[in-house]
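Everything on this sheet refers to the single structure shown next.
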Amino acid sequence: MSQSKFDSFFKPSDTLNLQRKNAVVISEAALAGITLIGLNQLWYSDFERGKFRTVNDNSEWLQLDKLGHVYSAYQLGRFGANILNWSGVEKKDQLIYGATLGLGFLTVVEVFDGFSEEWGFSWGDMAANAAGTGLYIGQELLWNEQRIALKYSFHQTHFAKQNPDKLGDGFFEEVLKDYNGQTYWLSFNIHSFFKKSKIPKWLNVAFGYGGEGMLTGNTNTENMAFLNQDRYRQYYLSLDIDLTRINTKSHFLRTLFDVFSSIKVPFPAVEFNDKNGLKLRGIYF
């Protein structure tokens, strides 16, 4: 395949491309099915199942788990809409069938949780899922673009080694489980709010939220080793780059930038927390 044909493959279709659309629908259905079967066998099979039940876990993990749901729904919805746009599907259907991808998938996962004795169906999680989907769709309806992106960053902490069962054992598990190292960002594109300014189109200002000192979901634990948890919230101010607004004629690079735009670009940051006050960070992940 020549370079031009390779690049044109990533170019969104101007009109409905049935071949692409069918490939997208089949691929998404297959991937979702395989993922859910895998979760059912590898994750939920280790715990007892029972009658469907609900739980109120809104006070756990300083709400970072809820932000994880918001982020997942937002990014899956963004991916769902973009892949339909690549297929030439009209805008309305992108939002109806694509941007709701995250909400639909995470709802099924939440139902699985409802039949697990370990977790339970959480209305807080469902509200977070809906918020993530709403953040994407709302901006498309209001501005026809994403002026405020929801992003993620992570750094390893010493907390995971103290409770690897809950916080993960090894880097890849910790990325998903160690809330002490996770930061969620609202990244505002400055130029999109000030169209006539000379501010670079790719420059963002980002506001982050994180937390530390968490070895369990909350301090109400029966395990005496985890009772004295000095947990606290962290708030951040930093700069960021909107990779999707970097000018390039390469559709492959645009696709690559779009994928990595879900991650906050490391920059120096100012941290405020309710334990130590203001703190300057170097290159913060």
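If you're wondering about the labels, chains in the structure tokens are A, B, ... by order shown, residues count from 1 in each chain, ligands from 1 in order shown.
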
Counting only C-alpha atoms, what is within 9 Å of Gly213 (chain A), bar same-chain residues fewer than 5 positions away, as a PyMOL selection string?
chain A and resi 159+180+229-232

What's around region 68-73 of chain A at 7 Å? Count only C-alpha atoms, leave out sequence neighbours fewer than 4 positions away in its own chain, and write the answer as a PyMOL selection string.
chain A and resi 64+77+102-103+125+128-129+131-133+150

Any chance you could export the current selection's N, CA and C atoms as a compact mmCIF listing (two decimals), in the first residue's frame?
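As written to disk, out_38.txt reads:
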```
# COMPACT_ATOMS: atom_id res chain seq x y z
N LEU A 64 -12.73 9.69 43.44
CA LEU A 64 -11.90 9.51 42.25
C LEU A 64 -12.39 8.35 41.39
N GLY A 77 -17.39 7.60 24.44
CA GLY A 77 -18.35 8.32 23.61
C GLY A 77 -17.67 9.12 22.52
N GLY A 102 -20.13 4.73 25.35
CA GLY A 102 -19.62 4.54 26.70
C GLY A 102 -20.71 4.28 27.71
N LEU A 103 -21.80 5.04 27.61
CA LEU A 103 -22.92 4.88 28.55
C LEU A 103 -23.52 3.48 28.43
N ASP A 125 -22.29 5.49 40.24
CA ASP A 125 -21.54 5.16 39.03
C ASP A 125 -22.35 5.48 37.78
N ALA A 128 -22.35 9.12 37.12
CA ALA A 128 -21.05 9.52 36.57
C ALA A 128 -20.94 9.14 35.10
N ASN A 129 -21.42 7.96 34.75
CA ASN A 129 -21.42 7.54 33.34
C ASN A 129 -22.23 8.52 32.49
N ALA A 131 -22.88 11.61 33.20
CA ALA A 131 -22.22 12.91 33.17
C ALA A 131 -21.13 12.94 32.10
N GLY A 132 -20.36 11.85 31.98
CA GLY A 132 -19.33 11.79 30.96
C GLY A 132 -19.90 11.85 29.56
N THR A 133 -20.97 11.12 29.33
CA THR A 133 -21.63 11.16 28.03
C THR A 133 -22.21 12.54 27.76
N LEU A 150 -11.83 16.17 28.82
CA LEU A 150 -11.59 15.46 30.07
C LEU A 150 -10.40 14.54 29.87
```

For Ser153 (chain A), which residue out of A:Lys11, A:Lys5, A:Lys51, A:Lys264 is the nearest one, using only C-alpha atoms?
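Closest to Ser153 (chain A) of all the choices is A:Lys264.
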
Counting only C-alpha atoms, the residue of A:Ser187, A:Ser87, A:Gln19, A:Thr54 that sits nearest Lys151 (chain A)
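Counting only C-alpha atoms, the residue closest to Lys151 (chain A) is A:Ser187.
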
Let me make sure I understand: among A:Asp93, A:Asp240, A:Asp46, A:Glu174, which one has the smallest atom-to-atom distance to Ile148 (chain A) if we use only C-alpha atoms?
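Nearest candidate to Ile148 (chain A) out of A:Asp93, A:Asp240, A:Asp46, A:Glu174: A:Asp240.
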
Show which residues sit within 9 Å of Leu36 (chain A), as number ranges by chain. Count only C-alpha atoms, and ignore same-chain residues fewer than 5 positions away.
A: 31, 41, 105, 108-109

Which residue gives the smallest distance to Leu135 (chain A) among A:Phe272, A:Trp202, A:Tyr74, A:Phe79, with only C-alpha atoms counted?
A:Tyr74

I need the strand (DSSP E) residues of region 14-249 of chain A per DSSP on the backbone, written as a VMD selection string.
chain A and resid 54 to 55 121 to 122 148 to 154 182 to 189 203 to 212 232 to 241

Excluding region 189-191 of chain A and its own-chain neighbours fewer than 4 positions away, which residues fall within 8 Å of it when counting only C-alpha atoms? Please give them as a list of chain:residue names.
A:Arg147, A:Ile148, A:Lys195, A:Lys196, A:Ser197, A:Lys198, A:Ile199, A:Pro200, A:Lys201, A:Trp202, A:Leu203, A:Asn204, A:Val205, A:Asp242

Backbone DSSP call of helix (DSSP H, G or I) for region 11-203 of chain A, listed as JSON, numbers by chain
{"A": [18, 19, 20, 21, 22, 23, 24, 25, 26, 27, 28, 29, 30, 31, 32, 33, 34, 35, 36, 37, 38, 39, 40, 41, 42, 43, 44, 45, 46, 60, 61, 62, 63, 64, 65, 66, 67, 68, 69, 70, 71, 72, 73, 74, 75, 76, 77, 78, 79, 80, 81, 82, 83, 84, 85, 86, 91, 92, 93, 94, 95, 96, 97, 98, 101, 102, 103, 104, 105, 106, 107, 108, 109, 110, 111, 112, 113, 114, 123, 124, 125, 126, 127, 128, 129, 130, 131, 132, 133, 134, 135, 136, 137, 138, 139, 140, 141, 142, 143, 159, 160, 161, 162, 164, 165, 166, 167, 171, 172, 173, 174, 175, 176, 177, 179, 180, 181, 190, 191, 192, 193]}
